[in-house]
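Comments concern the structure below.
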Amino acid sequence: MDKVISPKEAAGMVNDGDTLLVGGFGLSGSPLSLIDEIVEADVKNLTVVSNNLGEEGRGLGRLLKKKQLKKAIGSFFTTNREAVRAWADKELEIELIPQGTLAESLRAGGAGIPAYYTRTAVGTDLAEGKEERSFEGEKYILEKAIKGEVSLVKAVKADKLGNLYYHKTAMNFNPEVATAGNIVIAEVDEIVEPGEISPGDIHTPHLYVDYLVVNDRYVKEGGRYVEKNA
Amino acid sequence: MDKVISPKEAAGMVNDGDTLLVGGFGLSGSPLSLIDEIVEADVKNLTVVSNNLGEEGRGLGRLLKKKQLKKAIGSFFTTNREAVRAWADKELEIELIPQGTLAESLRAGGAGIPAYYTRTAVGTDLAEGKEERSFEGEKYILEKAIKGEVSLVKAVKADKLGNLYYHKTAMNFNPEVATAGNIVIAEVDEIVEPGEISPGDIHTPHLYVDYLVVNDRYVKEGGRYVEKNA
Amino acid sequence: MSKKMLKEERVQIAKRVAEEFETGDIINLGVGIPTMIPDFLGGKEVYLHSENGLLGIGPTPPEEEIDMDLISASKQPITMSPGASLFSSSDSFAMIRGSHVDAAVLGALQVDETGRLANWAVPGKSILGVGGAMDLVAGAKKIILSLTHQSKDGTPKLVAELTYPNSGLRKADMVVTEKGVFRFIDETMYLVEIDENITVEELRKITDAHFEVSSDLKTMNQ
Amino acid sequence: MSKKMLKEERVQIAKRVAEEFETGDIINLGVGIPTMIPDFLGGKEVYLHSENGLLGIGPTPPEEEIDMDLISASKQPITMSPGASLFSSSDSFAMIRGSHVDAAVLGALQVDETGRLANWAVPGKSILGVGGAMDLVAGAKKIILSLTHQSKDGTPKLVAELTYPNSGLRKADMVVTEKGVFRFIDETMYLVEIDENITVEELRKITDAHFEVSSDLKTMNQ
């Protein structure tokens, strides 16, 4: 039951046209090594579901730069100028989802809930085409679960079984993303023995995690992940 | 911002006819002192939402014995003979909900989700009267959120702000119950200073908790809570 | 039937179900016979999910280490195996409903010849308990039913059509009794293994459900 | 208008919003002016919720203690105050959507005279970012808008009717600008406080929205 594979093997599981679910809030909690590996693997026509597209030329921004993306689904792309330009040039489709709806739809995808109702976005442009329904006199819209072929998450630590521990607010969307992909790959800085992460500290239990990859490209310096050979 | 009140003050917040949401799986994680206090407060016509009704004459079983309950909503009452008898004698209404649906509906109640779809119970007697709908060729039923006037939860530890830490599987329904009541009262064995429970160990953040009550009737002996003066 | 024989039958069933698992499987064990399965896993490392909020049930603790706040879904004291994790009820059932549990081993009152099952209520009696049964039936990747072939009075539990309230639309993948092992393929029941002390003809007499006999019929637990 | 004056205006707004809070309040602060509010809370202990997964934002860390995996929703480095807790995005937005956050202080591009607001998109421009704005508008117990009274070119932001895409059906409870404080009662906008350097008549000239003047009109920040 060894879940540890090489970054290259992990990238090989991503196919042209796949929908990738990717954890992270900006660059924090983003599986940077895995993303770089996918950039090198040259797959294309990908749909990425993630809160942002990393930053310009960093993290998921690299997949955009290399034109491997067909579509981005998330809550905030405005600050990535390349995303804005690619969208304007019709090189990139964008589907905007309120941040909380994005998180809940990913959770629903992992939890066997095909759809749920929310007040968020009722009456706005983002509710267009979505079914509206009242409960106890208030209006809600129906939101569908989000699932994908491959989930990529980043944890600071895993045990060999695949239990994950996230560091502070680098947790963000990772626990939800880890439940909603057919194949779930976790990039981690460190792998320890089972039992070393105590039962109450495990954020993502191992039944969600198919493969572990050790982050081999980035080190944390001065509170930031920087490229090892940069 | 002192959230600590006496058990008597806590029980005084429960009114005749209220719906109480109560944490616990059997007696484990059950707010035993608070329940006893409510038994003495003599309120009646209560609806209790909880996985079980404690055990015969223990925990929520005491509210039943004293005929303070109008209705019980939960997943498993068969092993409480008094509940079975009260139901047969039409002294107690029972609404049966699958355990996972109960947990999810309480979560939905706290999370501002009025309703969601699930496969659980489709085609069974427990789906009677529930709306059925297909998503991608599979059948689901619509389940509504559960909310209540007062939530009663049990944690082993709280800090003064009201952050809660549950002990092992005594967690069970408590985190969900703590989100879904208008008034949320937590019974705890111990209250510590803010910061003593580390940020990653807090199971229920303090924004959910209105009042804290110290368990003054039960002590843990040989791995079981027993009455202090029994 | 003596108590001893019943115990043997239950062991026979538990032993056979245990063979189904592979190292790494996530398994949820219902009450009754399924709770005996861990004793027969041999070297296989599987992970036991308890719907009240734990993945990684360890061995039963000695009396002096019992903590009734560390219990299984059957409310029995347990321990945690290395790598175990704790979570809330909604998180636990998200695992079940979301099909992250590889197999649920459940008892059943009846199973019909297409695999539909009844395991929570008896007609005419009070319906006061369902627990996690319907969530598991709807959500687990594989449903294995473990039950004695007949009820105490000899009534077949493998029936042509359910007379007890069903537990969901989802059908079982496999049925293990002390008399044989059945698998469902395209809603048809196949006998794939049979106890050495019974013939197919004798088995048909105590089985109300129609079943086909696998061309590759084997002897059970051998 | 000089940069200094703009800074003063922003301080004026942040200071006034800070007065709204009581010890114990759970507050979510949007980007821009709202991030200045913590400096003006005085002794009041409030708890700052960050939608990326933290309750209890502490002071900005010194450079040598910055950890870019401990950041606010504006992606700025933060610290944790005693009693802070960490959680995932879905848990964080369950708090917001479920109305467990006492107040959201948001910027706005426009607010109409009934309290409806626009704070995420400009007509004709690409709509590529919404973040948590709509979740907060729909879910927070109280919506306080903090914005400069006019845009840089003098266009009123308090309008009779929105021309920008709205952020939800939910209406604001309060608007604070450097010129005054407005509250909504039954979908009518009331001026309740006014800056000492402007008259009501002058204020009407730079306000497109119709507002009533409170019978109890006070001077702002005094």
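Within each chain, counting starts at residue 1; across the structure tokens, chains are named A, B, ... in the order shown, with ligands numbered 1 upward in that order.
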Exercise answer, chain C residues close to chain B, 6 Å and only C-alpha atoms, as number ranges by chain: C: 52-53, 66-70, 88-90, 93, 128-132, 134-135, 138, 166, 168-169
DSSP strand (DSSP E) residues within segment 11-175 of chain C, listed as an NGL selection string: :C and (26-29 or 47-50 or 54-58 or 79-86 or 103-106 or 110-112 or 117-118 or 142-146 or 158-159 or 174-175)
Please tabulate, as JSON lines, the residues of chain A that come within 6 Å of chain B, each with its closest pair of atoms and the distance in Å to one decimal, counting only C-alpha atoms and ordering rows by chain, then residue number upward.
```
{"residue": "A:Ile113", "atom": "CA", "partner": "B:Thr118", "partner_atom": "CA", "distance": 5.5}
{"residue": "A:Ala115", "atom": "CA", "partner": "B:Tyr117", "partner_atom": "CA", "distance": 5.8}
{"residue": "A:Tyr116", "atom": "CA", "partner": "B:Tyr116", "partner_atom": "CA", "distance": 4.1}
{"residue": "A:Tyr117", "atom": "CA", "partner": "B:Ile113", "partner_atom": "CA", "distance": 5.8}
{"residue": "A:Thr118", "atom": "CA", "partner": "B:Ile113", "partner_atom": "CA", "distance": 5.5}
```
Written file, previous selection with N, CA and C atoms, as a compact mmCIF listing (two decimals), in the first residue's frame:
```txt
# COMPACT_ATOMS: atom_id res chain seq x y z
N ILE A 113 -23.56 14.62 -2.55
CA ILE A 113 -24.71 15.51 -2.62
C ILE A 113 -24.70 16.16 -4.00
N ALA A 115 -26.68 18.32 -5.44
CA ALA A 115 -27.10 19.72 -5.54
C ALA A 115 -27.66 20.18 -4.21
N TYR A 116 -27.60 21.51 -4.01
CA TYR A 116 -28.10 22.11 -2.77
C TYR A 116 -28.55 23.53 -3.08
N TYR A 117 -29.29 24.09 -2.17
CA TYR A 117 -29.80 25.45 -2.37
C TYR A 117 -29.02 26.46 -1.53
N THR A 118 -28.81 27.63 -2.09
CA THR A 118 -28.13 28.70 -1.36
C THR A 118 -28.71 30.06 -1.72
```
As a PDB file with C-alpha atoms, in the first residue's frame, please: the residues near Gln68 of chain B (cut-off 6 Å, only C-alpha atoms, same-chain neighbours under 5 positions excluded).
```pdb
ATOM      1  CA  LYS B  44     -42.699  20.301  28.660  1.00  0.00           C
ATOM      2  CA  ASN B  45     -43.907  19.576  25.145  1.00  0.00           C
ATOM      3  CA  LEU B  63     -36.765  13.754  29.735  1.00  0.00           C
TER       4      LEU B  63
END
```
Coordinates-based distance that separates atom CA of Ser33 of chain A from atom CA of Ser72 of chain D (Å, one decimal): 23.8 Å
Contacts of Asp102 of chain D at 8 Å (only C-alpha atoms; same-chain gap of 2+ positions) as JSON, numbers by chain: {"D": [25, 26, 27, 99, 100, 104, 140, 141, 142]}
Atom CA of Asn229 of chain B to atom CA of Val156 of chain B, distance in Å rounded to a single decimal: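 Going from atom CA of Asn229 of chain B over to atom CA of Val156 of chain B covers 20.3 Å.
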Nearest to Ala158 of chain A by atom-to-atom distance, counting only C-alpha atoms, from C:Thr219, C:Glu8, C:Gly83, C:Arg170: C:Gly83
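Of the listed residues (D:Ala118, D:Tyr164, D:Leu191, D:Asp91), D:Asp91 comes nearest to chain C; the distances count only C-alpha atoms.
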Residues near His49 of chain C, cut-off 6 Å, only C-alpha atoms, skip fewer than 3 positions along chain, as a PyMOL selection string: chain C and resi 27-28+54-55
Point-to-point distance from atom CA of Val49 of chain B to atom CA of Gly32 of chain C, Å rounded to tenths: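 Taking atom CA of Val49 of chain B as the start and atom CA of Gly32 of chain C as the end point, the length is 26.9 Å.
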Residues flagged alpha helix (DSSP H) by DSSP in segment 133-191 of chain D, as a PyMOL selection string: chain D and resi 133-139
